[in-house]
Amino acid sequence: MDRRNFIKYNIIVTLGGLANPIFAQGNKPITIAFFVKNVTNPFWKGCRIGAEKAAKELGVSLEVVAPTKPDNIEEQTRLVEDWIVKKPDAFVFVPVDFKALVPSIQKVNKAGIPVVGYNNRMTDVDFVSYIGSDDELIEYEASTFLFKSMGGKGKIVHIDGVPAASTAQARKKGLERALKDFPGIELLVSQPGQYRRLPAVQVFENLMQRYPEIDGVVSANDDMAVGIAEALISAGRANKTKVIGVDGIPDALAAISAGKMFATADFSGHDQAYLAVHAAVRNLRKLPVPKEIKLPIVIISKQNISSFPSTPEERSVPSWDKTIASQK
Amino acid sequence: MIIKTHKSENINSSELVAYLKKAPGALYLLAFMAIALTIWTPNFFSLNNLTNVALQVSVLSIVALGMTIVILTEGIELSLGPVLGLCGVSAGLLVLAGYPLLIAILVSMCIGALFGVLNGALIAIVGLPPFIVTLGSFGIAQSFAIVLTGGDSVVGLPEYFRWFNDGLFLSLPIPILTIITIFFITWILLYRTKFGRYIFAIGGNRLALKLAGANVNFYHIGAYIFAGLLTAIAAFIMTARNNSAHPTIGVGLEFDAIAAVILGGTSFEKGVGGIAGTIVGALAIGVLRNGLNLIGVGTEWQVAIIGVVILTAVGIDSLRKN
Amino acid sequence: MHSINKTHLLKYSKENFFILSRILSILILIIFLSIVSPQFLGWNNILNIFRQASIQFLISAGLTLVIITAGIDLAVGAILGLAACLSASLIVSGHLGLGIVAGLISGLFAGALNGLLVAFGRITPFIATYGVLWIAGGIGYVFMKGEVLHSFPPGFRFIGTGILFGIPVTILIAGIILVILHLLLHKTVFGRYIYAIGGNPIAARLSGISVKSKLFYVYTLSGLLSSFAALVIMARVNSVDSSIGEELLLPAIAAVCLGGASLFGGVGGIAGTAIGALILALVINGMNLLGVPSFWQSGVMGAIILGAVLADQYGSGRSLIKS
């Protein structure tokens, strides 16, 4: 190569290297199959919005995949199989049951499609990366927060999700672990609220008759927690009982702002999904991606509610580099 | 009062044409969907995808075959979903505890049969309505399944368990082989044995049978036992698919099975219908769902479209009937 | 006409029998629970039970009429959900009246669709309403897109949480609907036709009843009542997402059947459904008060359902199956 071309060549390469490779456009748009557990729970809407923000930024195409029957294991198995046939460029995946979906993701691995996991861990599968926390830890943190604010002493009631659902099982284990740490806290009873507001409200109203003194309520999700908080207000017992939920849905945030509900644990689905899509695209573009990104569990209460946007649309996206840096 | 007798179905060409003429709307819908999907998406008509679909409907088909027998007796079986879960976790737990697979299979089938006896006895002997009886046993089976595992899945099953879904025999996947075998067994049972004649007659005119002194209850209960046994078999395939047994895995299965049966042309009234239709119904459901996924229809719209397609299929039937 | 009157009287007394036997079951339950749970007989607890039963009753009310005609409406929960989603979205954007009307109309239309399919399309009620279940559910999903709508105006919430003359409004509303439907079934020609159609549709048609239009009205009414129940539930829980109504179908059917209605038609009544709803509420209340572990709850409910129909059977001494 003669001198002039050599300089030209170097200039081009340098400029190309300087440009952020993540924004390079290929000929065919990258398609990401983005899985959520259902289309009814607003938590997954938050995830979807985070993922869509990432997709828009990166110029990739996002397909949201969910079972028609919420949280249905058999359906999600089928969805994974059908999507393997469609051969998207990557999967961003959360299992409705982290054990039952293992063979399906193994099939994805075998088909050579990279998978980024988020929100629920899976073992025995090949994830390019896992972003998130897990149900057991989040309930542990939430319960610990509640127990600490109760001074480590008092009586609590646990309102569970759907019996035998994997998230409910995991969250219950988190609660049990926290209870071990706080021997002064007494668990009065655990009754199922089916993860839905109406059954949870009715169950709790019944429990209020049995237990005139309840210092705290650990609710397996926010939908139930808000209902319980309102039931306490109607019964005039709101100032004696603290309710904590999980998820961080807009409803709960409004209740916390208004002082109706004590706190919730932000599962930060929005952030997880955003980062997961980034991870998937980075991996496709041959950029380094950490094996795991742990997002801190943030407990949202009256103290910090003002810094939380009330809807996922308003939420700002996390910075990839900052998040990676803070992983140490 | 006319005492209904069954028509035995012979397979020869003129009868085949006649059958096609009165084939359920689901068959035409299935054909239409298959053709449309082949044109519309490149992925549908591949061996890989078609095998997937067949495997995907395998559990539904087997359960729906059992459901067909029950519906032919003018009954209904709502507990098959939880029973599937219960059979699956029982088999899984037994295998994990070190019992041989054969024992697990036997126990699983006993459980399915037991619920069949319970439901059948309450319906046939005591005379309770099938809907409410099986609704009650639905709850009972569900609780047993969940309590057995403490709410968790049964995992860590030995590798050989996956044979029930992934294995091949005579180069056919096991689930497909199972459907074919069960289909033939059911066909023989329905059209070549006394049991079958009784099933049609119970659905057609139970009172007349009883008046004629026949031991109706035995066969009536038998229908429910048969459904339970088939469900137990399906549980193995389901467990293998997910490499784990879950107590609530069968949620919603019974309604899908009933839909498959009705789409296939068997009606609740007066014991009309057959098992070939049920397979068509199950396939139609499977192809529809597979097609919607391959096309990439959003989940929310999928739900509405499924409803429209179901109504179209039965609407065709209804228009032709009248 | 005469024969229908006589048959109707016979069914009326059969219905009375069921009510008596059900009241007996309730008394047994109440006695049992009072013994094992000291809080059971508390005034607040009794009020809770009736309030919960009222909501269950409202969900099952329209379904009762459909079941009396030997039909079934599997779309009850989905129609309820759809109505809730539509009206909630209008209410939170400030249109209270429009929201209520929209909710009721959507229920009316969904019910009418059921009616068209069953009565004029001559499609088996099971699969017809199953199809509508999916359609209504799908429209609800599309509409909501995973959103949750909450915080309704206090004036609206009154119908779910308010108290009037010392009685919770939900109980009053349920009571009014109970009386209206009871009068409809037993004091109007329409009601007699419903029973006749359920008892013997061929005879009904032959005696001049236009079966098709009556069936159409029944399913439409069922849809309307579902949407009405949706409004009460919305007012009660103050939030709506697209999953509302999903788990309501089977308990709704259980309440109707526990009340003595036969799925083969021609038997049962609205008072029976009220009692069935009360039984369900009692059982759940009992399980909560006794702290029955969550895993056992569906089994207990199933066993009680079986027990109730068994008691029915041996009490009445005759088969419920139309043999």
# chains A, B, ... in the order shown; residues from 1 in each chain; ligands from 1
>>> residues_around(residues="Ile209 (chain C)", least_positions_apart="6", cutoff="10 Å", atoms="only C-alpha atoms", output="list in words")
Phe190, Tyr193, Ile194, Ala196, Ile197, Pro201, Ile202 and Ala203 of chain C
>>> write_last_selection(atoms="N, CA and C atoms", output="mmCIF file, in the first residue's frame")
data_model
loop_
_atom_site.group_PDB
_atom_site.id
_atom_site.type_symbol
_atom_site.label_atom_id
_atom_site.label_comp_id
_atom_site.auth_asym_id
_atom_site.auth_seq_id
_atom_site.Cartn_x
_atom_site.Cartn_y
_atom_site.Cartn_z
ATOM 1 N N PHE C 190 -92.143 -14.293 31.884
ATOM 2 C CA PHE C 190 -90.777 -14.562 31.433
ATOM 3 C C PHE C 190 -90.128 -15.615 32.313
ATOM 4 N N TYR C 193 -91.370 -19.015 31.662
ATOM 5 C CA TYR C 193 -90.808 -19.514 30.400
ATOM 6 C C TYR C 193 -89.390 -20.043 30.618
ATOM 7 N N ILE C 194 -88.607 -19.307 31.428
ATOM 8 C CA ILE C 194 -87.227 -19.734 31.702
ATOM 9 C C ILE C 194 -87.220 -21.138 32.266
ATOM 10 N N ALA C 196 -89.571 -23.328 32.082
ATOM 11 C CA ALA C 196 -90.113 -24.290 31.119
ATOM 12 C C ALA C 196 -89.047 -24.697 30.104
ATOM 13 N N ILE C 197 -88.311 -23.697 29.633
ATOM 14 C CA ILE C 197 -87.277 -23.980 28.636
ATOM 15 C C ILE C 197 -86.225 -24.887 29.226
ATOM 16 N N PRO C 201 -87.257 -28.188 26.826
ATOM 17 C CA PRO C 201 -87.268 -27.198 25.742
ATOM 18 C C PRO C 201 -88.214 -27.548 24.599
ATOM 19 N N ILE C 202 -88.354 -28.831 24.322
ATOM 20 C CA ILE C 202 -89.236 -29.217 23.209
ATOM 21 C C ILE C 202 -90.678 -28.923 23.562
ATOM 22 N N ALA C 203 -91.041 -29.327 24.774
ATOM 23 C CA ALA C 203 -92.412 -29.046 25.203
ATOM 24 C C ALA C 203 -92.653 -27.546 25.233
#
>>> interface_residues(of="chain B", to="chain A", cutoff="10 Å", atoms="only C-alpha atoms", output="ChimeraX atom specification")
/B:41-44,46,48-49,52-53,55-57,143,145-147,149-156,162,238-253,286,289-304,306
>>> residues_around(residues="Val292 (chain C)", least_positions_apart="6", cutoff="9 Å", atoms="only C-alpha atoms", output="count of residues only")
3
>>> select_by_dssp(residues="region 93-249 of chain A", states="strand (DSSP E or B)", output="ChimeraX atom specification")
/A:93,115-118,129-132,154-160,185-192,216-219,242-247
>>> interface_residues(of="chain C", to="chain B", cutoff="7 Å", atoms="only C-alpha atoms", output="ChimeraX atom specification")
/C:121-123,127-128,131-132,134-139,141-142,295-296,298-299,301-303,305-306,319-321,323
>>> write_last_selection(atoms="C-alpha atoms", output="PDB file, in the first residue's frame")
ATOM      1  CA  GLY C 121     -76.631 -19.962  16.079  1.00  0.00           C
ATOM      2  CA  ARG C 122     -77.787 -23.061  17.946  1.00  0.00           C
ATOM      3  CA  ILE C 123     -74.296 -23.607  19.248  1.00  0.00           C
ATOM      4  CA  ILE C 127     -68.421 -23.879  23.519  1.00  0.00           C
ATOM      5  CA  ALA C 128     -70.259 -20.719  22.534  1.00  0.00           C
ATOM      6  CA  GLY C 131     -65.347 -18.761  22.599  1.00  0.00           C
ATOM      7  CA  VAL C 132     -66.777 -15.510  23.945  1.00  0.00           C
ATOM      8  CA  TRP C 134     -61.524 -15.827  24.871  1.00  0.00           C
ATOM      9  CA  ILE C 135     -62.796 -12.949  22.773  1.00  0.00           C
ATOM     10  CA  ALA C 136     -63.825 -10.815  25.739  1.00  0.00           C
ATOM     11  CA  GLY C 137     -60.582 -11.635  27.504  1.00  0.00           C
ATOM     12  CA  GLY C 138     -58.555 -10.754  24.440  1.00  0.00           C
ATOM     13  CA  ILE C 139     -60.303  -7.437  23.945  1.00  0.00           C
ATOM     14  CA  TYR C 141     -55.963  -7.451  27.196  1.00  0.00           C
ATOM     15  CA  VAL C 142     -55.649  -5.382  24.042  1.00  0.00           C
ATOM     16  CA  PHE C 295     -52.212 -25.896  50.196  1.00  0.00           C
ATOM     17  CA  TRP C 296     -55.253 -27.523  51.693  1.00  0.00           C
ATOM     18  CA  SER C 298     -58.746 -25.933  47.373  1.00  0.00           C
ATOM     19  CA  GLY C 299     -59.213 -29.460  48.725  1.00  0.00           C
ATOM     20  CA  MET C 301     -63.512 -26.300  49.183  1.00  0.00           C
ATOM     21  CA  GLY C 302     -63.789 -29.282  46.846  1.00  0.00           C
ATOM     22  CA  ALA C 303     -64.762 -31.580  49.682  1.00  0.00           C
ATOM     23  CA  ILE C 305     -68.861 -28.869  47.425  1.00  0.00           C
ATOM     24  CA  LEU C 306     -69.066 -32.642  47.185  1.00  0.00           C
ATOM     25  CA  SER C 319     -81.676 -38.322  41.630  1.00  0.00           C
ATOM     26  CA  LEU C 320     -80.677 -34.954  40.293  1.00  0.00           C
ATOM     27  CA  ILE C 321     -79.877 -36.457  36.935  1.00  0.00           C
ATOM     28  CA  SER C 323     -83.039 -39.953  33.838  1.00  0.00           C
TER      29      SER C 323
END
>>> interface_residues(of="chain A", to="chain C", cutoff="9 Å", atoms="only C-alpha atoms", output="PyMOL selection string")
chain A and resi 38-46+68+70+160+162-164+189-192+196-198+201-211+223+227+230-231+234+249-251
>>> write_last_selection(atoms="N, CA and C atoms", output="CSV table (one decimal), in the first residue's frame")
chain,number,residue,atom,x,y,z
A,38,ASN,N,-46.5,-12.7,31.7
A,38,ASN,CA,-47.9,-12.5,31.3
A,38,ASN,C,-48.2,-11.1,30.8
A,39,VAL,N,-49.4,-10.9,30.3
A,39,VAL,CA,-49.7,-9.5,29.8
A,39,VAL,C,-50.6,-8.8,30.8
A,40,THR,N,-50.8,-9.4,31.9
A,40,THR,CA,-51.8,-8.7,32.8
A,40,THR,C,-51.2,-8.0,34.0
A,41,ASN,N,-50.1,-8.5,34.5
A,41,ASN,CA,-49.5,-7.8,35.7
A,41,ASN,C,-48.7,-6.6,35.2
A,42,PRO,N,-49.0,-5.4,35.8
A,42,PRO,CA,-48.3,-4.2,35.4
A,42,PRO,C,-46.8,-4.2,35.5
A,43,PHE,N,-46.3,-5.1,36.4
A,43,PHE,CA,-44.9,-5.3,36.5
A,43,PHE,C,-44.2,-5.6,35.2
A,44,TRP,N,-44.8,-6.5,34.4
A,44,TRP,CA,-44.3,-6.9,33.1
A,44,TRP,C,-44.4,-5.8,32.1
A,45,LYS,N,-45.4,-4.9,32.3
A,45,LYS,CA,-45.5,-3.8,31.4
A,45,LYS,C,-44.3,-2.9,31.6
A,46,GLY,N,-43.9,-2.7,32.9
A,46,GLY,CA,-42.7,-1.9,33.2
A,46,GLY,C,-41.5,-2.5,32.5
A,68,THR,N,-50.8,-16.8,26.6
A,68,THR,CA,-52.2,-16.2,26.7
A,68,THR,C,-52.8,-16.5,28.1
A,70,PRO,N,-52.0,-16.5,31.8
A,70,PRO,CA,-50.9,-15.9,32.6
A,70,PRO,C,-50.1,-16.9,33.3
A,160,ASP,N,-49.9,-14.7,51.1
A,160,ASP,CA,-49.1,-15.4,50.1
A,160,ASP,C,-49.7,-15.2,48.7
A,162,VAL,N,-50.2,-17.3,44.7
A,162,VAL,CA,-50.9,-18.5,44.3
A,162,VAL,C,-50.2,-19.7,44.9
A,163,PRO,N,-50.8,-20.6,45.6
A,163,PRO,CA,-50.1,-21.7,46.1
A,163,PRO,C,-49.4,-22.5,45.0
A,164,ALA,N,-48.2,-22.9,45.3
A,164,ALA,CA,-47.4,-23.7,44.4
A,164,ALA,C,-46.8,-22.9,43.2
A,189,VAL,N,-50.0,-16.0,61.0
A,189,VAL,CA,-50.6,-16.9,60.1
A,189,VAL,C,-50.1,-16.5,58.7
A,190,SER,N,-50.2,-17.5,57.8
A,190,SER,CA,-49.9,-17.3,56.4
A,190,SER,C,-51.1,-17.8,55.6
A,191,GLN,N,-51.8,-16.9,54.9
A,191,GLN,CA,-53.0,-17.3,54.1
A,191,GLN,C,-52.8,-16.8,52.7
A,192,PRO,N,-53.4,-17.6,51.7
A,192,PRO,CA,-53.2,-17.2,50.3
A,192,PRO,C,-54.1,-16.1,49.8
A,196,ARG,N,-54.1,-11.7,43.9
A,196,ARG,CA,-55.0,-10.7,43.3
A,196,ARG,C,-55.7,-9.9,44.4
A,197,ARG,N,-56.1,-8.8,44.1
A,197,ARG,CA,-56.6,-7.8,45.1
A,197,ARG,C,-57.8,-8.3,45.8
A,198,LEU,N,-58.9,-8.7,45.0
A,198,LEU,CA,-60.1,-9.0,45.7
A,198,LEU,C,-60.0,-10.2,46.6
A,201,VAL,N,-58.0,-9.0,49.7
A,201,VAL,CA,-58.8,-8.1,50.6
A,201,VAL,C,-59.7,-8.9,51.5
A,202,GLN,N,-60.4,-9.8,50.9
A,202,GLN,CA,-61.4,-10.6,51.6
A,202,GLN,C,-60.7,-11.5,52.7
A,203,VAL,N,-59.6,-12.1,52.3
A,203,VAL,CA,-58.9,-12.9,53.2
A,203,VAL,C,-58.4,-12.0,54.4
A,204,PHE,N,-57.9,-10.9,54.1
A,204,PHE,CA,-57.4,-10.1,55.2
A,204,PHE,C,-58.4,-9.5,56.1
A,205,GLU,N,-59.6,-9.2,55.5
A,205,GLU,CA,-60.7,-8.8,56.4
A,205,GLU,C,-61.1,-9.8,57.4
A,206,ASN,N,-61.1,-11.1,56.9
A,206,ASN,CA,-61.3,-12.2,57.8
A,206,ASN,C,-60.3,-12.3,58.9
A,207,LEU,N,-59.0,-12.1,58.4
A,207,LEU,CA,-57.9,-12.3,59.4
A,207,LEU,C,-58.0,-11.2,60.4
A,208,MET,N,-58.4,-10.0,60.0
A,208,MET,CA,-58.5,-8.9,61.0
A,208,MET,C,-59.5,-9.2,62.2
A,209,GLN,N,-60.4,-10.1,61.9
A,209,GLN,CA,-61.3,-10.5,62.9
A,209,GLN,C,-60.6,-11.4,63.9
A,210,ARG,N,-59.8,-12.3,63.4
A,210,ARG,CA,-59.1,-13.3,64.2
A,210,ARG,C,-58.0,-12.6,65.0
A,211,TYR,N,-57.3,-11.6,64.4
A,211,TYR,CA,-56.2,-11.0,65.1
A,211,TYR,C,-56.4,-9.5,65.3
A,223,ASP,N,-50.1,-5.7,44.3
A,223,ASP,CA,-51.6,-5.7,44.0
A,223,ASP,C,-52.3,-6.0,45.3
A,227,GLY,N,-54.5,-3.3,48.4
A,227,GLY,CA,-55.8,-3.7,48.8
A,227,GLY,C,-55.8,-3.8,50.3
A,230,GLU,N,-55.7,-0.5,52.1
A,230,GLU,CA,-57.0,0.1,52.1
A,230,GLU,C,-58.0,-0.5,53.1
A,231,ALA,N,-57.9,-1.8,53.2
A,231,ALA,CA,-58.8,-2.5,54.1
A,231,ALA,C,-58.5,-2.1,55.5
A,234,SER,N,-60.1,1.3,56.0
A,234,SER,CA,-61.5,1.2,56.3
A,234,SER,C,-61.8,0.7,57.7
A,249,ILE,N,-45.3,-1.4,41.6
A,249,ILE,CA,-46.2,-0.9,40.5
A,249,ILE,C,-46.8,0.4,40.9
A,250,PRO,N,-47.2,1.2,39.8
A,250,PRO,CA,-47.6,2.6,40.0
A,250,PRO,C,-48.7,2.7,41.1
A,251,ASP,N,-49.6,1.8,41.2
A,251,ASP,CA,-50.6,1.8,42.2
A,251,ASP,C,-50.0,1.9,43.6
>>> closest_residue(among="C:Ile26, C:Val211, C:Leu221, C:Ile171", to="Phe50 (chain C)", atoms="only C-alpha atoms")
C:Ile171
>>> residues_around(residues="Asp135 (chain A)", least_positions_apart="2", cutoff="6 Å", atoms="only C-alpha atoms", output="list in words")
Leu137, Ile138, Ala170 and Arg171 of chain A
>>> closest_residue(among="B:Leu168, B:Phe236, B:Asn215, B:Val287", to="Leu37 (chain B)", atoms="only C-alpha atoms")
B:Val287
>>> closest_residue(among="A:Ala273, A:Val281, A:Val94, A:Ala325", to="Asp71 (chain A)", atoms="only C-alpha atoms")
A:Val94
>>> atom_distance(atom1="CA of Gly75 (chain B)", atom2="CA of Gly120 (chain B)")
9.6 Å
>>> residues_around(residues="Ala174 (chain C)", least_positions_apart="4", cutoff="12 Å", atoms="only C-alpha atoms", output="ChimeraX atom specification")
/C:50-61,159-160,167-170,178-182,225,228-229,232,270-271,273-274,277-278
>>> write_last_selection(atoms="C-alpha atoms", output="PDB file, in the first residue's frame")
ATOM      1  CA  PHE C  50     -72.283 -11.212  54.167  1.00  0.00           C
ATOM      2  CA  ARG C  51     -70.344  -8.573  52.274  1.00  0.00           C
ATOM      3  CA  GLN C  52     -68.181 -11.176  50.590  1.00  0.00           C
ATOM      4  CA  ALA C  53     -71.186 -13.339  49.893  1.00  0.00           C
ATOM      5  CA  SER C  54     -72.928 -10.335  48.344  1.00  0.00           C
ATOM      6  CA  ILE C  55     -70.162  -9.868  45.851  1.00  0.00           C
ATOM      7  CA  GLN C  56     -70.096 -13.570  45.067  1.00  0.00           C
ATOM      8  CA  PHE C  57     -73.862 -13.457  44.655  1.00  0.00           C
ATOM      9  CA  LEU C  58     -73.711 -10.553  42.221  1.00  0.00           C
ATOM     10  CA  ILE C  59     -71.204 -12.447  40.106  1.00  0.00           C
ATOM     11  CA  SER C  60     -73.386 -15.545  40.075  1.00  0.00           C
ATOM     12  CA  ALA C  61     -76.769 -13.872  39.699  1.00  0.00           C
ATOM     13  CA  ILE C 159     -71.294   1.447  46.025  1.00  0.00           C
ATOM     14  CA  GLY C 160     -68.479  -0.837  47.056  1.00  0.00           C
ATOM     15  CA  ILE C 167     -75.675  -1.818  56.349  1.00  0.00           C
ATOM     16  CA  PRO C 168     -72.847  -2.049  53.827  1.00  0.00           C
ATOM     17  CA  VAL C 169     -74.013  -0.881  50.432  1.00  0.00           C
ATOM     18  CA  THR C 170     -72.842  -4.037  48.705  1.00  0.00           C
ATOM     19  CA  LEU C 178     -82.005 -10.757  44.728  1.00  0.00           C
ATOM     20  CA  VAL C 179     -85.541  -9.455  45.128  1.00  0.00           C
ATOM     21  CA  ILE C 180     -85.790  -8.219  41.543  1.00  0.00           C
ATOM     22  CA  LEU C 181     -84.585 -11.471  40.044  1.00  0.00           C
ATOM     23  CA  HIS C 182     -86.721 -13.550  42.368  1.00  0.00           C
ATOM     24  CA  LEU C 225     -75.424  -8.520  35.465  1.00  0.00           C
ATOM     25  CA  PHE C 228     -72.885  -4.693  37.051  1.00  0.00           C
ATOM     26  CA  ALA C 229     -70.932  -6.954  39.376  1.00  0.00           C
ATOM     27  CA  VAL C 232     -69.305  -3.113  42.417  1.00  0.00           C
ATOM     28  CA  ILE C 270     -81.986 -17.030  42.776  1.00  0.00           C
ATOM     29  CA  ALA C 271     -82.484 -17.443  46.510  1.00  0.00           C
ATOM     30  CA  THR C 273     -77.675 -18.934  44.607  1.00  0.00           C
ATOM     31  CA  ALA C 274     -77.624 -16.386  47.406  1.00  0.00           C
ATOM     32  CA  ALA C 277     -72.689 -17.683  47.765  1.00  0.00           C
ATOM     33  CA  LEU C 278     -73.113 -17.531  51.525  1.00  0.00           C
TER      34      LEU C 278
END
>>> atom_distance(atom1="CA of Ile299 (chain A)", atom2="CA of Ala235 (chain A)")
26.4 Å
>>> atom_distance(atom1="CA of Leu108 (chain C)", atom2="CA of Leu133 (chain C)")
14.2 Å
>>> select_by_dssp(residues="region 270-305 of chain A", states="helix (DSSP H, G or I)", output="PyMOL selection string")
chain A and resi 270-284+305
>>> residues_around(residues="Gly117 (chain A)", least_positions_apart="5", cutoff="7 Å", atoms="only C-alpha atoms", output="list of chain:residue names")
A:Val92, A:Phe93, A:Val94, A:Phe127, A:Ser129, A:Tyr130, A:Ile131
>>> write_last_selection(atoms="C-alpha atoms", output="PDB file, in the first residue's frame")
ATOM      1  CA  VAL A  92     -34.184 -12.254  26.490  1.00  0.00           C
ATOM      2  CA  PHE A  93     -35.929 -14.617  28.818  1.00  0.00           C
ATOM      3  CA  VAL A  94     -37.666 -14.950  32.165  1.00  0.00           C
ATOM      4  CA  PHE A 127     -27.056 -17.751  29.737  1.00  0.00           C
ATOM      5  CA  SER A 129     -25.683 -13.093  31.026  1.00  0.00           C
ATOM      6  CA  TYR A 130     -28.130 -12.934  33.889  1.00  0.00           C
ATOM      7  CA  ILE A 131     -29.490  -9.615  35.005  1.00  0.00           C
TER       8      ILE A 131
END
>>> residues_around(residues="Gly223 (chain C)", least_positions_apart="4", cutoff="9 Å", atoms="only C-alpha atoms", output="list in words")
Gly62, Leu63, Asp73, Ala75, Val76, Ile79, Leu80, Leu104, Ser106, Gly107, Leu108, Phe109, Ala110, Gly111, Ala112, Asn114, Val218, Tyr219, Ser227 and Phe228 of chain C
>>> closest_residue(among="C:Gly259, C:Tyr314, C:Pro251, C:Gly266", to="Ala204 (chain C)", atoms="only C-alpha atoms")
C:Gly266
